[in-house]
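Visitor: Sharing start-v1.cif, mmCIF, C-alpha atoms and all ligand atoms:
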```cif
data_upload
#
loop_
_atom_site.label_atom_id
_atom_site.label_comp_id
_atom_site.auth_asym_id
_atom_site.auth_seq_id
_atom_site.Cartn_x
_atom_site.Cartn_y
_atom_site.Cartn_z
CA MET A 1112 -16.16 -6.27 -17.78
CA ILE A 1113 -13.14 -4.24 -16.67
CA LYS A 1114 -10.00 -5.20 -18.58
CA VAL A 1115 -6.86 -4.97 -16.42
CA GLY A 1116 -3.26 -4.60 -17.55
CA LEU A 1117 -0.83 -5.52 -14.75
CA ILE A 1118 2.78 -4.33 -14.96
CA GLY A 1119 5.26 -6.06 -12.65
CA CYS A 1120 4.47 -9.67 -11.74
CA GLY A 1121 6.71 -10.08 -8.70
CA PHE A 1122 5.67 -10.25 -5.06
CA MET A 1123 3.01 -7.55 -5.12
CA GLY A 1124 1.92 -8.15 -8.72
CA SER A 1125 1.07 -11.71 -7.81
CA MET A 1126 -1.02 -10.57 -4.81
CA HIS A 1127 -2.87 -8.12 -7.07
CA ALA A 1128 -3.47 -10.81 -9.70
CA ASN A 1129 -4.96 -13.06 -7.01
CA CYS A 1130 -7.28 -10.27 -5.96
CA TYR A 1131 -8.44 -9.44 -9.51
CA LYS A 1132 -9.09 -13.14 -10.15
CA ASN A 1133 -11.45 -13.03 -7.19
CA ILE A 1134 -13.43 -9.96 -8.18
CA GLU A 1135 -16.49 -10.41 -10.37
CA GLY A 1136 -16.62 -8.48 -13.62
CA VAL A 1137 -12.85 -8.14 -13.90
CA GLU A 1138 -10.50 -9.80 -16.37
CA ILE A 1139 -6.70 -9.63 -16.46
CA VAL A 1140 -6.07 -9.25 -20.20
CA ALA A 1141 -2.41 -8.20 -20.19
CA LEU A 1142 0.60 -8.94 -17.99
CA ALA A 1143 4.08 -7.47 -18.24
CA ASP A 1144 7.30 -8.59 -16.63
CA ILE A 1145 10.83 -8.59 -17.94
CA ARG A 1146 11.07 -12.05 -16.38
CA ARG A 1147 8.63 -13.86 -18.64
CA GLU A 1148 8.27 -16.78 -16.24
CA LYS A 1149 6.84 -14.44 -13.60
CA ALA A 1150 4.12 -13.26 -15.98
CA GLU A 1151 3.45 -16.87 -17.02
CA GLU A 1152 2.79 -17.84 -13.40
CA LEU A 1153 0.07 -15.18 -13.17
CA GLN A 1154 -1.31 -16.00 -16.63
CA VAL A 1155 -2.77 -19.27 -15.28
CA GLY A 1156 -6.57 -19.07 -15.29
CA THR A 1157 -6.61 -16.03 -17.62
CA ASN A 1158 -6.38 -15.39 -21.37
CA ALA A 1159 -3.88 -12.60 -20.77
CA THR A 1160 -1.31 -11.57 -23.35
CA ILE A 1161 2.22 -11.39 -21.99
CA TYR A 1162 4.53 -8.45 -22.64
CA LEU A 1163 8.11 -8.21 -21.48
CA ASP A 1164 8.43 -4.50 -20.88
CA GLY A 1165 5.68 -2.48 -19.22
CA LYS A 1166 5.89 0.13 -21.99
CA ASP A 1167 4.93 -2.52 -24.60
CA LEU A 1168 1.84 -3.27 -22.57
CA ILE A 1169 0.98 0.41 -22.29
CA GLU A 1170 1.40 0.95 -26.03
CA ASN A 1171 -0.26 -2.18 -27.35
CA ALA A 1172 -2.72 -3.77 -24.91
CA ASP A 1173 -6.47 -3.12 -25.08
CA VAL A 1174 -7.09 -2.36 -21.40
CA ASP A 1175 -9.44 -0.18 -19.33
CA VAL A 1176 -7.17 0.16 -16.31
CA ILE A 1177 -3.46 -0.26 -15.63
CA ASP A 1178 -1.94 -1.42 -12.36
CA ILE A 1179 1.76 -0.72 -11.74
CA CYS A 1180 3.55 -3.09 -9.34
CA LEU A 1181 7.07 -2.24 -10.49
CA PRO A 1182 10.02 -1.48 -8.19
CA THR A 1183 9.49 2.00 -6.74
CA TYR A 1184 12.21 3.72 -8.77
CA LEU A 1185 10.27 2.87 -11.95
CA HIS A 1186 6.84 4.06 -10.77
CA CYS A 1187 7.06 7.61 -12.05
CA GLU A 1188 8.37 6.81 -15.53
CA TYR A 1189 5.73 4.14 -16.19
CA ALA A 1190 2.87 5.99 -14.49
CA LEU A 1191 3.48 9.05 -16.68
CA CYS A 1192 3.15 6.88 -19.81
CA ALA A 1193 0.15 4.97 -18.47
CA MET A 1194 -1.78 8.17 -17.76
CA ASP A 1195 -1.79 8.92 -21.51
CA LYS A 1196 -3.39 5.54 -22.12
CA VAL A 1197 -6.07 4.88 -19.48
CA LYS A 1198 -8.59 6.81 -17.40
CA TYR A 1199 -7.88 4.76 -14.24
CA LEU A 1200 -4.43 3.95 -12.95
CA PHE A 1201 -3.32 2.11 -9.83
CA VAL A 1202 0.26 2.68 -8.62
CA GLU A 1203 1.77 0.76 -5.74
CA LYS A 1204 3.13 2.68 -2.77
CA PRO A 1205 5.30 4.60 -2.23
CA VAL A 1206 3.93 6.47 -5.23
CA ALA A 1207 7.41 7.72 -6.14
CA LEU A 1208 10.91 8.13 -4.77
CA THR A 1209 11.13 11.93 -4.74
CA LEU A 1210 8.79 14.86 -4.28
CA ASP A 1211 9.78 16.11 -7.70
CA GLU A 1212 8.47 12.86 -9.21
CA GLY A 1213 5.32 13.21 -7.12
CA LYS A 1214 4.70 16.68 -8.55
CA LYS A 1215 5.24 15.43 -12.11
CA LEU A 1216 2.61 12.76 -11.49
CA LEU A 1217 0.14 15.30 -10.08
CA ASN A 1218 0.63 17.59 -13.09
CA LYS A 1219 0.18 14.73 -15.52
CA ALA A 1220 -3.01 13.58 -13.79
CA GLU A 1221 -4.40 17.07 -14.06
CA GLU A 1222 -3.43 17.35 -17.73
CA THR A 1223 -4.87 13.95 -18.74
CA GLY A 1224 -7.78 13.65 -16.29
CA CYS A 1225 -6.53 10.18 -15.38
CA LYS A 1226 -7.85 9.08 -11.96
CA VAL A 1227 -5.05 7.57 -9.91
CA GLN A 1228 -5.19 5.41 -6.79
CA VAL A 1229 -2.05 4.72 -4.75
CA GLY A 1230 -1.50 1.40 -2.97
CA GLN A 1231 -1.71 2.87 0.54
CA VAL A 1232 -3.44 -0.33 1.47
CA ILE A 1233 -3.68 0.20 5.23
CA ARG A 1234 -6.55 2.61 4.59
CA PHE A 1235 -8.44 -0.50 3.34
CA TRP A 1236 -7.28 -3.02 5.96
CA ASP A 1237 -10.26 -4.21 8.05
CA GLU A 1238 -8.90 -3.48 11.55
CA TYR A 1239 -7.57 -0.09 10.50
CA VAL A 1240 -10.86 0.80 8.77
CA GLU A 1241 -12.67 -0.07 11.99
CA LEU A 1242 -10.23 1.93 14.10
CA LYS A 1243 -10.77 5.02 11.93
CA LYS A 1244 -14.54 4.69 12.43
CA ILE A 1245 -14.03 4.39 16.21
CA VAL A 1246 -11.77 7.46 16.35
CA GLN A 1247 -14.13 9.55 14.21
CA SER A 1248 -17.26 8.49 16.12
CA GLY A 1249 -15.81 9.75 19.41
CA VAL A 1250 -17.63 6.88 21.12
CA TYR A 1251 -14.80 6.31 23.63
CA GLY A 1252 -13.93 9.97 24.12
CA LYS A 1253 -10.81 11.77 22.95
CA VAL A 1254 -7.62 10.04 21.87
CA LEU A 1255 -4.93 10.38 24.56
CA ASN A 1256 -2.09 8.61 22.80
CA ALA A 1257 -1.48 6.03 20.10
CA ASN A 1258 1.21 3.76 18.78
CA PHE A 1259 1.63 2.04 15.41
CA ARG A 1260 4.34 -0.52 14.68
CA ARG A 1261 5.41 -2.34 11.52
CA LEU A 1262 8.34 -4.72 11.99
CA SER A 1263 9.51 -6.96 9.20
CA PRO A 1264 12.17 -9.50 8.41
CA ILE A 1265 14.70 -8.24 5.87
CA PRO A 1266 12.91 -8.17 2.46
CA GLU A 1267 15.16 -10.31 0.30
CA TRP A 1268 12.62 -11.33 -2.33
CA GLY A 1269 12.95 -8.30 -4.64
CA TRP A 1270 14.06 -8.59 -8.26
CA LYS A 1271 17.87 -8.13 -8.23
CA ASN A 1272 17.48 -7.28 -4.53
CA TRP A 1273 16.31 -3.74 -5.42
CA LEU A 1274 14.57 -3.32 -2.05
CA LEU A 1275 17.87 -3.42 -0.18
CA ASP A 1276 19.35 -0.69 -2.36
CA TYR A 1277 18.48 2.54 -0.53
CA GLU A 1278 18.74 4.59 -3.75
CA LEU A 1279 16.10 2.42 -5.44
CA SER A 1280 13.62 1.79 -2.62
CA GLY A 1281 14.22 4.52 -0.01
CA GLY A 1282 14.85 1.80 2.59
CA ALA A 1283 12.50 0.78 5.38
CA GLY A 1284 11.31 4.38 5.79
CA GLN A 1285 9.94 4.90 2.33
CA ASP A 1286 9.00 1.30 1.68
CA LEU A 1287 7.54 0.07 4.98
CA HIS A 1288 7.05 2.83 7.54
CA ILE A 1289 5.15 4.95 4.95
CA HIS A 1290 2.19 2.60 5.44
CA ASP A 1291 1.64 3.77 9.01
CA VAL A 1292 2.61 7.36 8.28
CA ASP A 1293 -0.03 7.52 5.55
CA TYR A 1294 -2.64 5.91 7.81
CA VAL A 1295 -1.89 8.25 10.72
CA LEU A 1296 -2.13 11.29 8.43
CA SER A 1297 -5.43 9.98 7.02
CA VAL A 1298 -6.95 9.60 10.51
CA PHE A 1299 -5.35 12.38 12.56
CA GLY A 1300 -4.09 14.82 9.92
CA GLU A 1301 -0.67 16.50 9.97
CA PRO A 1302 0.92 16.77 13.42
CA GLU A 1303 1.94 20.14 14.83
CA LYS A 1304 5.47 18.85 15.40
CA PHE A 1305 7.39 15.62 15.13
CA TYR A 1306 10.65 14.12 16.36
CA SER A 1307 12.27 11.30 14.42
CA ILE A 1308 15.16 8.95 15.05
CA LYS A 1309 16.31 6.59 12.37
CA ASN A 1310 19.03 4.50 10.89
CA LEU A 1311 17.80 3.82 7.39
CA LYS A 1312 20.79 3.30 5.20
CA GLY A 1313 21.97 0.03 6.67
CA GLU A 1314 20.49 -2.99 4.95
CA LYS A 1315 20.11 -5.04 8.06
CA ASN A 1316 19.21 -2.61 10.83
CA SER A 1317 17.10 -0.18 8.87
CA TYR A 1318 14.93 1.46 11.57
CA VAL A 1319 12.78 4.55 12.13
CA ASN A 1320 10.85 5.77 15.16
CA THR A 1321 8.84 8.99 14.97
CA LEU A 1322 6.79 10.79 17.61
CA MET A 1323 4.06 13.02 16.22
CA LYS A 1324 2.69 15.75 18.50
CA TYR A 1325 -0.91 16.89 18.08
CA THR A 1326 -2.67 19.55 20.20
CA ASP A 1327 -3.68 17.18 23.00
CA PHE A 1328 -2.27 13.77 22.14
CA VAL A 1329 0.84 12.06 20.82
CA VAL A 1330 1.24 9.29 18.20
CA GLY A 1331 4.33 7.08 18.00
CA VAL A 1332 5.13 5.30 14.73
CA GLU A 1333 7.89 2.69 14.59
CA GLY A 1334 9.15 0.68 11.63
CA THR A 1335 12.02 -1.64 10.85
CA TRP A 1336 12.92 -4.40 8.48
CA GLY A 1337 15.84 -5.50 10.58
CA LEU A 1338 14.34 -8.70 11.97
CA PRO A 1339 15.65 -12.21 11.30
CA SER A 1340 13.42 -14.30 9.02
CA THR A 1341 12.38 -16.48 11.97
CA ARG A 1342 10.66 -13.50 13.65
CA PRO A 1343 7.11 -13.13 12.19
CA PHE A 1344 6.10 -9.89 10.48
CA GLU A 1345 4.27 -7.56 12.87
CA ALA A 1346 1.76 -4.80 12.08
CA THR A 1347 0.15 -3.67 15.32
CA PHE A 1348 -1.44 -0.65 16.95
CA ARG A 1349 -2.71 0.56 20.31
CA VAL A 1350 -4.91 3.61 20.71
CA VAL A 1351 -5.67 4.89 24.23
CA PHE A 1352 -8.95 6.82 24.47
CA GLU A 1353 -10.38 8.59 27.54
CA ASN A 1354 -12.72 5.63 28.12
CA SER A 1355 -11.08 2.63 26.50
CA VAL A 1356 -8.08 1.12 24.77
CA VAL A 1357 -8.34 -0.36 21.27
CA GLU A 1358 -5.48 -2.68 20.47
CA ASN A 1359 -4.59 -4.84 17.50
CA ALA A 1360 -1.73 -7.09 18.56
CA GLY A 1361 -0.82 -10.74 18.90
CA GLY A 1362 -3.42 -11.67 16.26
CA LYS A 1363 -6.28 -10.19 18.33
CA PHE A 1364 -8.26 -7.03 17.77
CA MET A 1365 -9.39 -6.01 21.27
CA LEU A 1366 -11.41 -3.40 23.08
CA TYR A 1367 -10.58 -2.79 26.75
CA THR A 1368 -13.01 -0.72 28.83
CA LYS A 1369 -13.35 -0.35 32.63
CA GLU A 1370 -15.95 -3.10 32.57
CA GLU A 1371 -14.55 -5.69 30.18
CA ALA A 1372 -12.01 -6.90 27.66
CA LYS A 1373 -13.64 -8.10 24.46
CA GLU A 1374 -12.63 -9.00 20.95
CA ILE A 1375 -13.83 -6.68 18.17
CA LYS A 1376 -15.30 -8.99 15.54
CA ILE A 1377 -14.78 -8.27 11.86
CA GLU A 1378 -17.23 -9.83 9.45
CA LYS A 1379 -15.51 -12.32 7.11
CA LYS A 1380 -16.94 -12.13 3.61
CA GLU A 1381 -16.76 -15.05 1.19
CA LEU A 1382 -14.84 -14.62 -2.05
CA LYS A 1383 -17.07 -14.49 -5.11
CA GLY A 1384 -14.70 -14.57 -8.08
CA ASN A 1385 -13.13 -17.59 -9.72
CA GLY A 1386 -9.53 -17.20 -8.62
CA ASN A 1387 -9.81 -20.16 -6.31
CA VAL A 1388 -7.24 -18.89 -3.84
CA GLY A 1389 -9.34 -20.45 -1.10
CA GLY A 1390 -10.39 -18.99 2.23
CA ASN A 1391 -12.18 -15.71 2.47
CA ILE A 1392 -11.62 -12.11 1.52
CA SER A 1393 -9.80 -11.37 4.75
CA ASP A 1394 -7.06 -13.76 3.64
CA LEU A 1395 -6.24 -11.26 0.91
CA GLY A 1396 -6.01 -8.50 3.50
CA GLY A 1397 -6.66 -4.93 2.47
CA TYR A 1398 -5.36 -5.68 -1.04
CA TYR A 1399 -8.69 -7.16 -2.08
CA ASN A 1400 -10.60 -4.22 -0.59
CA GLU A 1401 -8.43 -1.56 -2.22
CA LEU A 1402 -8.58 -3.19 -5.65
CA LEU A 1403 -12.32 -3.84 -5.38
CA TYR A 1404 -12.73 -0.13 -4.66
CA PHE A 1405 -10.46 0.76 -7.60
CA VAL A 1406 -12.28 -1.38 -10.18
CA ASN A 1407 -15.69 -0.32 -8.86
CA GLN A 1408 -14.75 3.32 -9.39
CA ALA A 1409 -13.55 2.44 -12.90
CA LYS A 1410 -16.82 0.58 -13.62
CA SER A 1411 -19.00 3.44 -12.46
CA GLY A 1412 -16.80 6.24 -13.79
CA GLY A 1413 -16.52 7.57 -10.23
CA GLU A 1414 -13.80 9.65 -8.63
CA ILE A 1415 -11.04 8.03 -6.59
CA GLU A 1416 -11.77 9.46 -3.16
CA ASP A 1417 -9.46 7.45 -0.90
CA ALA A 1418 -5.74 6.74 -1.31
CA ARG A 1419 -5.75 9.42 -4.01
CA LEU A 1420 -2.62 10.46 -5.85
CA ILE A 1421 -2.43 13.61 -3.71
CA ASP A 1422 -2.64 11.48 -0.55
CA GLY A 1423 0.28 9.35 -1.75
CA VAL A 1424 2.32 12.45 -2.54
CA ASN A 1425 1.48 14.11 0.79
CA SER A 1426 2.55 10.99 2.69
CA LEU A 1427 5.75 10.84 0.68
CA GLU A 1428 6.38 14.51 1.50
CA PHE A 1429 5.94 13.92 5.24
CA LEU A 1430 8.13 10.83 5.07
CA LEU A 1431 10.89 12.76 3.32
CA LYS A 1432 10.70 15.39 6.10
CA GLU A 1433 11.16 12.60 8.64
CA LEU A 1434 14.21 11.36 6.75
CA ALA A 1435 15.64 14.87 6.67
CA PHE A 1436 14.99 15.46 10.40
CA ASN A 1437 18.13 15.89 12.44
CA ALA A 1438 17.63 14.49 15.90
N1 LIG A 1501 1.23 -2.45 -0.52
C1 LIG A 1501 2.09 -3.29 0.05
O1 LIG A 1501 1.87 -3.80 1.15
C2 LIG A 1501 3.35 -3.64 -0.68
C3 LIG A 1501 4.08 -4.79 -0.30
C4 LIG A 1501 5.23 -5.10 -1.04
C5 LIG A 1501 5.63 -4.29 -2.09
N2 LIG A 1501 4.91 -3.17 -2.40
C6 LIG A 1501 5.32 -2.26 -3.48
O2 LIG A 1501 5.08 -2.91 -4.72
C7 LIG A 1501 6.08 -2.54 -5.67
C8 LIG A 1501 6.71 -3.82 -6.22
O3 LIG A 1501 7.38 -4.49 -5.16
P1 LIG A 1501 7.61 -6.08 -5.17
O4 LIG A 1501 7.89 -6.47 -3.78
O5 LIG A 1501 6.48 -6.73 -5.90
O6 LIG A 1501 8.95 -6.20 -6.04
P2 LIG A 1501 9.41 -7.44 -6.92
O7 LIG A 1501 10.84 -7.22 -7.18
O8 LIG A 1501 8.98 -8.71 -6.28
O9 LIG A 1501 8.57 -7.28 -8.27
C9 LIG A 1501 8.86 -6.31 -9.25
C10 LIG A 1501 8.73 -6.98 -10.63
O10 LIG A 1501 8.92 -6.00 -11.65
C11 LIG A 1501 9.60 -6.64 -12.74
N3 LIG A 1501 10.15 -5.60 -13.61
C12 LIG A 1501 11.26 -4.84 -13.40
N4 LIG A 1501 11.39 -3.94 -14.40
C13 LIG A 1501 10.36 -4.14 -15.25
C14 LIG A 1501 9.92 -3.51 -16.45
N5 LIG A 1501 10.61 -2.48 -16.97
N6 LIG A 1501 8.80 -3.96 -17.06
C15 LIG A 1501 8.12 -5.01 -16.55
N7 LIG A 1501 8.49 -5.64 -15.41
C16 LIG A 1501 9.58 -5.20 -14.76
C17 LIG A 1501 10.59 -7.56 -12.07
O11 LIG A 1501 11.02 -8.61 -12.91
C18 LIG A 1501 9.78 -8.06 -10.86
O12 LIG A 1501 9.12 -9.30 -11.15
C19 LIG A 1501 7.06 -1.64 -4.92
O13 LIG A 1501 6.76 -0.29 -5.15
C20 LIG A 1501 6.82 -1.98 -3.46
O14 LIG A 1501 7.11 -0.91 -2.58
C21 LIG A 1501 3.78 -2.86 -1.73
#
```
Turn the structure described in the file into structure tokens.
Guide:
Amino acid sequence: MIKVGLIGCGFMGSMHANCYKNIEGVEIVALADIRREKAEELQVGTNATIYLDGKDLIENADVDVIDICLPTYLHCEYALCAMDKVKYLFVEKPVALTLDEGKKLLNKAEETGCKVQVGQVIRFWDEYVELKKIVQSGVYGKVLNANFRRLSPIPEWGWKNWLLDYELSGGAGQDLHIHDVDYVLSVFGEPEKFYSIKNLKGEKNSYVNTLMKYTDFVVGVEGTWGLPSTRPFEATFRVVFENSVVENAGGKFMLYTKEEAKEIKIEKKELKGNGNVGGNISDLGGYYNELLYFVNQAKSGGEIEDARLIDGVNSLEFLLKELAFNA
């Protein structure tokens, strides 16, 4: 049984708790949130002890792994403490706010031997996992161009509205667009050049659009959280290969070749745990997959080989270069 301590029981903490409750051989034994009622909501169906501050949990709870779902500006401080306590640590993305923090985390991981996974969840999202396989197989020839979009209503759910404070969250660039940046880097590597236009400081029209140039193809990555709440969240992509187009848009994951247009089917696996969230694993998106991977590595004593701490820091570094780019 893997004993989990979860710090931060807000929006993402509650998604993580749902996932852990649906993974066999995992028990949430400790929850921390300075808003006790938030921790109490997630305590249902567990025997978890509640702590108010994350540091109390780190000091006092008997846990095998710690999962940090705190606002981004607190990641580094709490992750540094947690690495002294456990051998496996999960930190939500973006791993930190600054590169300096990222380096501190890397040094601490080396010093303690703690294995850290970052919540770059798109690497574990079914359609994106499939796309990576398609790109790497070369089955449809070379990539000619690609486009990734992530468009969101304004995120107004955060504790004390921390997400809309650029100094605390890094705005739509660091908080939202980093998902696609990290995925693109994981599939295509670093571009030779990039060009970026953005308006990130405004709360309402926070927007970034970056063109990444590779030797013989171009990737466009667009992100905003400037949409009204009536406009549904959108995470889409289109990759044009020599012999096909693979597109995930409008709720359909499609393959277009000269001969046909057909849906790419993703196998839906049934949930096995006792969390009773209903539906199947796909309803928990990549969150279930990334946390299943994390606890499986902790169970087996294995290395974290995807969404590693260094990956999170590298993506942050690229993102910060985009923010510094003068168009
Ligand atoms: N992977 C994804 O798709 C995804 C999606 C949303 C958010 N996130 C990330 O998850 C993290 C959390 O975001 P969120 O949307 O859940 O924010 P949130 O504001 O909903 O939740 C944060 C929680 O932390 C609590 N908290 C604050 N200080 C604390 C402390 N010292 N000790 C204990 N609890 C404390 C708050 O009360 C709040 O409940 C952020 O880094 C965000 O970028 C990731």
Visitor: Just the residues within 7 Å of range 1176-1182 of chain A, please, counting all atoms listed in the file, with nothing from its chain fewer than 3 positions along; format it as an MDAnalysis selection string.
Guide: chainID A and resid 1114:1119 1123:1124 1185:1186 1193 1197:1203
Visitor: Once you add 4 Å to each side, what are the centre and edge lengths of the axis-aligned box holding all listed atoms of ligand LIG 1501 (chain A)? One decimal in Å, as JSON, if you can.
Guide:
```
{"center_x": 6.3, "center_y": -4.8, "center_z": -8.0, "size_x": 18.2, "size_y": 17.0, "size_z": 26.2}
```
Visitor: So which residues are near ligand LIG 1501 (chain A), meaning at most 9 Å away with all atoms listed in the file counted, given back as a compact mmCIF listing (two decimals) with C-alpha atoms, in the coordinates of the input?
Guide:
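The resulting pocket.txt:
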```txt
# COMPACT_ATOMS: atom_id res chain seq x y z
CA ILE A 1118 2.78 -4.33 -14.96
CA GLY A 1119 5.26 -6.06 -12.65
CA CYS A 1120 4.47 -9.67 -11.74
CA GLY A 1121 6.71 -10.08 -8.70
CA PHE A 1122 5.67 -10.25 -5.06
CA MET A 1123 3.01 -7.55 -5.12
CA GLY A 1124 1.92 -8.15 -8.72
CA SER A 1125 1.07 -11.71 -7.81
CA MET A 1126 -1.02 -10.57 -4.81
CA LEU A 1142 0.60 -8.94 -17.99
CA ALA A 1143 4.08 -7.47 -18.24
CA ASP A 1144 7.30 -8.59 -16.63
CA ILE A 1145 10.83 -8.59 -17.94
CA ARG A 1146 11.07 -12.05 -16.38
CA ARG A 1147 8.63 -13.86 -18.64
CA LYS A 1149 6.84 -14.44 -13.60
CA ALA A 1150 4.12 -13.26 -15.98
CA TYR A 1162 4.53 -8.45 -22.64
CA LEU A 1163 8.11 -8.21 -21.48
CA ASP A 1164 8.43 -4.50 -20.88
CA GLY A 1165 5.68 -2.48 -19.22
CA LYS A 1166 5.89 0.13 -21.99
CA ASP A 1167 4.93 -2.52 -24.60
CA LEU A 1168 1.84 -3.27 -22.57
CA ILE A 1179 1.76 -0.72 -11.74
CA CYS A 1180 3.55 -3.09 -9.34
CA LEU A 1181 7.07 -2.24 -10.49
CA PRO A 1182 10.02 -1.48 -8.19
CA THR A 1183 9.49 2.00 -6.74
CA TYR A 1184 12.21 3.72 -8.77
CA LEU A 1185 10.27 2.87 -11.95
CA HIS A 1186 6.84 4.06 -10.77
CA TYR A 1189 5.73 4.14 -16.19
CA VAL A 1202 0.26 2.68 -8.62
CA GLU A 1203 1.77 0.76 -5.74
CA LYS A 1204 3.13 2.68 -2.77
CA PRO A 1205 5.30 4.60 -2.23
CA VAL A 1206 3.93 6.47 -5.23
CA ALA A 1207 7.41 7.72 -6.14
CA VAL A 1229 -2.05 4.72 -4.75
CA GLY A 1230 -1.50 1.40 -2.97
CA GLN A 1231 -1.71 2.87 0.54
CA VAL A 1232 -3.44 -0.33 1.47
CA ILE A 1233 -3.68 0.20 5.23
CA PRO A 1266 12.91 -8.17 2.46
CA TRP A 1268 12.62 -11.33 -2.33
CA GLY A 1269 12.95 -8.30 -4.64
CA TRP A 1270 14.06 -8.59 -8.26
CA LYS A 1271 17.87 -8.13 -8.23
CA ASN A 1272 17.48 -7.28 -4.53
CA TRP A 1273 16.31 -3.74 -5.42
CA LEU A 1274 14.57 -3.32 -2.05
CA SER A 1280 13.62 1.79 -2.62
CA GLN A 1285 9.94 4.90 2.33
CA ASP A 1286 9.00 1.30 1.68
CA LEU A 1287 7.54 0.07 4.98
CA HIS A 1290 2.19 2.60 5.44
CA GLY A 1397 -6.66 -4.93 2.47
CA TYR A 1398 -5.36 -5.68 -1.04
```
Visitor: Skip range 1251-1264 of chain A itself and residues of its chain fewer than 6 positions away, then list as a ChimeraX atom specification all residues within 9 Å of it, counting all atoms listed in the file.
Guide: /A:1245,1287-1288,1290-1292,1295,1327-1356,1368
Visitor: Please compute the CA of Leu1420 in chain A-CA of Lys1226 in chain A distance, one decimal, in Å.
Guide: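 For CA of Leu1420 in chain A relative to CA of Lys1226 in chain A, the distance reads 8.2 Å.
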Visitor: Calculated over all atoms listed in the file, which of the candidates A:Asp1237, A:Glu1151, A:Asp1293, A:Glu1221 has the smallest distance to Phe1429 in chain A?
Guide: A:Asp1293
Visitor: Which residue is closest to Glu1414 in chain A? Choose from A:Cys1225, A:Cys1192, A:Leu1217, A:Leu1427 and count all atoms listed in the file.
Guide: A:Cys1225
Visitor: Counting only C-alpha atoms, figure out which residue out of A:Glu1358, A:Glu1148, A:Glu1433, A:Asp1173 gets nearest to Phe1305 in chain A.
Guide: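 Selected residue with least distance to Phe1305 in chain A: A:Glu1433.
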